[in-house]
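Chemist: I have a structure here, written as structure tokens, and I will follow up with some questions on it.
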Amino acid sequence: MQAWSRFVEAFFNWALVKQYAPTILKGAITTIEIALAVVVTGIVLGFALAVARTWRILPINVIIVAFVDVLRALPPLVLVLLVFFGLPNVGVNLPSFAVLWIVLSFVLAAFAEEIFWAGILSVPKGQWEAARSTGFSFFATLSYIVLPQAVRLTVPPITNRTVAITKNTALGTVIGVPEILNQATTAQSFAGNATPLMMGAVAYVVLFIPVVAFGRWIETRFAWRRA
Amino acid sequence: MEALVQQFFNFEIMARALPLVLTGLRQTIVLCLLVIPLGLAGGLMFALVSLARSRVVRWSMVVGIDFFRAIPPLVLLIFVYSGLPFAGIRLSPLTAVAVAFFLNTSSYYGEIYRAGIESVGGGQWDAARSTGLSARQTVVSVVLPQAVRNVLPDLVSNTVEVIKLTSIASVVALPELLYSADMARSITFNTSPIVLAAAIYLVVLWPIVRFVSRLERRIAW
């Protein structure tokens with residue numbers, strides 16, 4: 001019984017919960033802000049890159065593929081440290097949240113480009129040819145015929161990848177972005193108690209369980225509707 | 001431009017950092033050899049338990065898997081490493097990484113195996129059972145081989161993610177590739193060692209990333 005009460009004392013100390021709730025909440029708001037920013041810029045950039053690739057201009061495509069491959073192969077934490085410690089030494093000073101936002105947006109853009117591109121390729125060539133021969137311009141073909149078919153296929157993988165990358169906002173703690181994990185570990189060392197860390201973990205679960213469940217729903221909803 | 005090269009591609013500093021970075025690489029390889037088999041085995045276990053007839057067991061597996069997919073791996077790792085000591089459980093960095101990775105990667109691998117098992121038609125089960133195979137034999141010799149083949153691209157691409165993820169072990173001071181490179185950075189005040197580490201990750205992972213892209217396209221379309 002004593003062990004149990006010590007456990008409760010260390011992880012669910014009510015006084016500390018009340019004391020640190022505003023701190024964790026502030027962290028949660030930062031996490032949500034960065035996550036939303038990353039989702040918007042990452043997906044828009046990834047989509048733009050995939051569309052740019054349909055022009056099939058060799059030098060541009062080589063650059064896009066190189067960008068995508070490098071960002072898919074490198075661990076995000078490596079990129080975060082590289083940008084955070086590297087740029088100030090060449091005279092570019094960015095606040096830590098901007099570093100996190102830029103790095104995660106680029107990573108998401110790389111994965112999104114690859115997924116959108118696979119979607120575009122999955123639309124049979126005959127669709128392009130038929131549209132073009134009925135007098136559709138290149139852009140009209142792309143936006144009315146190809147993309148509507150391509151995007152539907154990409155919804156489940158994009159959702160899953162987006163969830164995975166927004167969870168990486170926790171990496172911001174390493175460079176001092178005041179998101180949930182950072183607030184929780186700081187509070188833990190002040191309080192000498194694991195309650196704030198437990199609160200941080202709970203905050204992530206509350207934020208992300210709906211997102212993960214939504215991803216699961218999307219997957220079953222779109223799974224067998226491949227063109 | 002000069003400053004940029006000096007700061008990111010200083011070969012003299014890279015050469016000095018190389019021995020330290022290679023020690024880190026060795027640690028990363030050891031780490032991968034530990035956490036990938038653990039995750040593959042754990043995921044298979046999760047997926048097989050999810051096949052249980054009892055609805056309670058199935059739903060608790062879904063909840064458990066979603067729980068560990070919702071928590072960022074770094075949060076899990078820090079919780080295991082610096083939270084559990086408050087409950088009297090003090091783990092070494094390596095054990096903490098192994099535990100956190102087991103919970104996280106098994107959930108992801110488990111979902112992949114589950115999708116694979118679901119992709120094998122019900123007729124395969126019926127046919128196998130009616131030729132006299134036991135339930136266990138059906139799973140092991142008929143369903144799993146097909147299931148794994150169907151989700152092979154996902155298994156490989158998740159493994160790439162796991163290898164990349166080992167870099168977060170640096171946060172709990174496990175001297176793997178990124179940790180060693182960052183140490184060299186803080187000694188030399190120069191970012192080149194991290195570029196060197198990035199180059200090593202790239203050399204190892206880029207061929208696999210390419211391979212997965214091709215595999216995915218061949219199977220899906």
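Ordering of the structure tokens sets the chain letters (A, B, ...), residue numbers begin anew at 1 in every chain, and ligands are numbered from 1 in the order given.
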I'd like the neighbourhood of Ala203 (chain A) as a list of chain:residue names, where a residue qualifies if any of its atoms comes within 8 Å (using only C-alpha atoms), though same-chain residues fewer than 2 positions away should be ignored.
Modeler: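 Selected residues are A:Ile24, A:Ala28, A:Ile180, A:Met199, A:Gly200, A:Ala201, A:Val205, A:Val206, A:Leu207.
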Chemist: Which residues are near Phe102 (chain B)? Cut-off 7 Å, only C-alpha atoms, ignore same chain within fewer than 4 positions. Put them as a list of chain:residue names.
Modeler: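 Neighbouring residues, sequence-local ones excluded: B:Val35, B:Leu38, B:Gly39, B:Gly42, B:Ala98, B:Ser106.
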Chemist: Would you output that residue set with N, CA and C atoms, as a PDB file, in the first residue's frame?
Modeler:
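Output below, filename again.pdb:
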ATOM      1  N   VAL B  35      16.907  -2.918 -31.810  1.00  0.00           N
ATOM      2  CA  VAL B  35      15.513  -2.466 -31.805  1.00  0.00           C
ATOM      3  C   VAL B  35      14.696  -2.950 -33.000  1.00  0.00           C
ATOM      4  N   LEU B  38      13.514  -6.566 -32.259  1.00  0.00           N
ATOM      5  CA  LEU B  38      12.560  -6.448 -31.152  1.00  0.00           C
ATOM      6  C   LEU B  38      11.213  -5.939 -31.661  1.00  0.00           C
ATOM      7  N   GLY B  39      11.261  -4.900 -32.491  1.00  0.00           N
ATOM      8  CA  GLY B  39      10.028  -4.309 -33.008  1.00  0.00           C
ATOM      9  C   GLY B  39       9.292  -5.259 -33.938  1.00  0.00           C
ATOM     10  N   GLY B  42       7.821  -7.948 -31.697  1.00  0.00           N
ATOM     11  CA  GLY B  42       6.736  -7.381 -30.895  1.00  0.00           C
ATOM     12  C   GLY B  42       5.520  -7.078 -31.757  1.00  0.00           C
ATOM     13  N   ALA B  98      15.626   0.718 -25.568  1.00  0.00           N
ATOM     14  CA  ALA B  98      15.052  -0.554 -26.010  1.00  0.00           C
ATOM     15  C   ALA B  98      13.579  -0.644 -25.612  1.00  0.00           C
ATOM     16  N   SER B 106       6.772  -1.569 -32.150  1.00  0.00           N
ATOM     17  CA  SER B 106       5.903  -2.736 -32.224  1.00  0.00           C
ATOM     18  C   SER B 106       4.501  -2.325 -32.633  1.00  0.00           C
TER      19      SER B 106
END
Chemist: Report the distance between CA of Ser134 (chain B) and CA of Gly43 (chain B) in Å, rounded to one decimal place.
Modeler: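 About the pair CA of Ser134 (chain B) and CA of Gly43 (chain B): they are 22.7 Å apart.
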Chemist: I want to know what sits within 12 Å of Ala21 (chain A), based on only C-alpha atoms, with residues of the same chain fewer than 6 positions away left out; could you give that as a list of chain:residue names?
Modeler: A:Asn13, A:Trp14, A:Ala15, A:Gly27, A:Ala28, A:Ile180, A:Gln183, A:Ala184, A:Ala187, A:Thr195, A:Pro196, A:Leu197, A:Met198, A:Met199, A:Gly200, A:Val202, A:Ala203
Chemist: Taking only C-alpha atoms into account and nothing else, which residues of chain A lie no more than 7 Å away from chain B? Please answer as a ChimeraX atom specification.
Modeler: /A:7,10,69-70,73-75,77-78,82,85-86,89-90,122,167-168,170,181,193-194,197,201,204-205,208-209,212
Chemist: Under the rule that only C-alpha atoms are counted, which of A:Phe12, A:Ala191, A:Thr134, A:Gly119 is the nearest residue to Phe47 (chain A)?
Modeler: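 Residue with the minimum atom-to-atom distance to Phe47 (chain A): A:Gly119.
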Chemist: Work out how far apart CA of Ala135 (chain B) and CA of Leu51 (chain B) are and give it in Å to one decimal.
Modeler: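 Atom-to-atom, CA of Ala135 (chain B) to CA of Leu51 (chain B), that is 11.4 Å.
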Chemist: Might you pull out every residue within 9 Å of region 96-102 of chain A, with only C-alpha atoms counted and same-chain residues fewer than 4 positions away left off, and present them as number ranges by chain?
Modeler: A: 34-35, 37-38, 41-42, 80, 83-84, 106-107, 169, 171-172, 175-178
Chemist: Store the residues of this selection in a file with C-alpha atoms, as an mmCIF file, in the first residue's frame.
Modeler:
data_model
loop_
_atom_site.group_PDB
_atom_site.id
_atom_site.type_symbol
_atom_site.label_atom_id
_atom_site.label_comp_id
_atom_site.auth_asym_id
_atom_site.auth_seq_id
_atom_site.Cartn_x
_atom_site.Cartn_y
_atom_site.Cartn_z
ATOM 1 C CA ILE A 34 3.580 24.719 -34.829
ATOM 2 C CA ALA A 35 1.784 21.532 -35.887
ATOM 3 C CA ALA A 37 1.768 25.678 -39.475
ATOM 4 C CA VAL A 38 3.770 22.594 -40.477
ATOM 5 C CA THR A 41 3.098 24.740 -45.412
ATOM 6 C CA GLY A 42 4.280 21.138 -45.770
ATOM 7 C CA VAL A 80 16.946 20.281 -36.703
ATOM 8 C CA VAL A 83 19.893 24.150 -39.131
ATOM 9 C CA PHE A 84 19.760 25.336 -35.528
ATOM 10 C CA PHE A 106 10.336 20.541 -45.572
ATOM 11 C CA VAL A 107 10.244 16.945 -44.338
ATOM 12 C CA THR A 169 7.114 18.737 -32.923
ATOM 13 C CA LEU A 171 11.865 17.274 -31.193
ATOM 14 C CA GLY A 172 11.648 21.032 -30.621
ATOM 15 C CA ILE A 175 16.520 23.259 -29.277
ATOM 16 C CA GLY A 176 14.349 24.857 -26.584
ATOM 17 C CA VAL A 177 11.044 25.400 -28.352
ATOM 18 C CA PRO A 178 8.587 25.809 -25.443
#
Chemist: Using only C-alpha atoms, which residues sit within 6 Å of Glu179 (chain A) once same-chain residues fewer than 3 positions away are excluded, as a short mmCIF file (atom, residue, chain, number, x, y, z; two decimals) with N, CA and C atoms, in the first residue's frame?
Modeler:
data_model
loop_
_atom_site.label_atom_id
_atom_site.label_comp_id
_atom_site.auth_asym_id
_atom_site.auth_seq_id
_atom_site.Cartn_x
_atom_site.Cartn_y
_atom_site.Cartn_z
N GLY A 27 2.27 25.05 -23.29
CA GLY A 27 3.05 24.19 -24.19
C GLY A 27 2.16 23.58 -25.26
N THR A 30 1.48 26.03 -28.00
CA THR A 30 2.64 26.12 -28.89
C THR A 30 2.71 24.92 -29.83
N THR A 31 2.52 23.71 -29.25
CA THR A 31 2.55 22.50 -30.08
C THR A 31 1.51 22.57 -31.19
N ASN A 182 8.95 20.18 -23.74
CA ASN A 182 9.91 21.10 -23.14
C ASN A 182 9.38 21.66 -21.82
#
Chemist: Show which residues sit within 10 Å of Ser143 (chain A), as a list in words. Count only C-alpha atoms, and ignore same-chain residues fewer than 6 positions away.
Modeler: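 Contacts, in chain order: Val51, Ser137 and Gln149 of chain A.
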Chemist: Mind dumping the selected residues with N, CA and C atoms as a PDB file, in the first residue's frame?
Modeler:
ATOM      1  N   VAL A  51       3.137  19.030 -58.619  1.00  0.00           N
ATOM      2  CA  VAL A  51       2.578  19.628 -59.834  1.00  0.00           C
ATOM      3  C   VAL A  51       3.708  20.123 -60.740  1.00  0.00           C
ATOM      4  N   SER A 137      -6.698  22.535 -71.926  1.00  0.00           N
ATOM      5  CA  SER A 137      -5.296  22.952 -71.839  1.00  0.00           C
ATOM      6  C   SER A 137      -4.572  22.043 -70.844  1.00  0.00           C
ATOM      7  N   GLN A 149      -8.646  12.759 -59.539  1.00  0.00           N
ATOM      8  CA  GLN A 149      -8.513  11.304 -59.413  1.00  0.00           C
ATOM      9  C   GLN A 149      -7.297  10.943 -58.576  1.00  0.00           C
TER      10      GLN A 149
END
Chemist: Quick one: of A:Ile218, A:Leu108, A:Ser5, A:Ala118, who's nearest to Val39 (chain A), counting only C-alpha atoms?
Modeler: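 Smallest separation from Val39 (chain A) among the options: A:Leu108.
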Chemist: Which one of A:Ala3, A:Ala52, A:Ile63, A:Leu87 sits closest to Leu142 (chain A) if you count only C-alpha atoms?
Modeler: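 Of the candidates, the smallest distance to Leu142 (chain A) is held by A:Ala52.
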Chemist: Residues at most 8 Å from Arg161 (chain A), counting only C-alpha atoms, excluding those fewer than 2 positions away in the same chain, as number ranges by chain?
Modeler: A: 108, 111-112, 157-159, 163-165
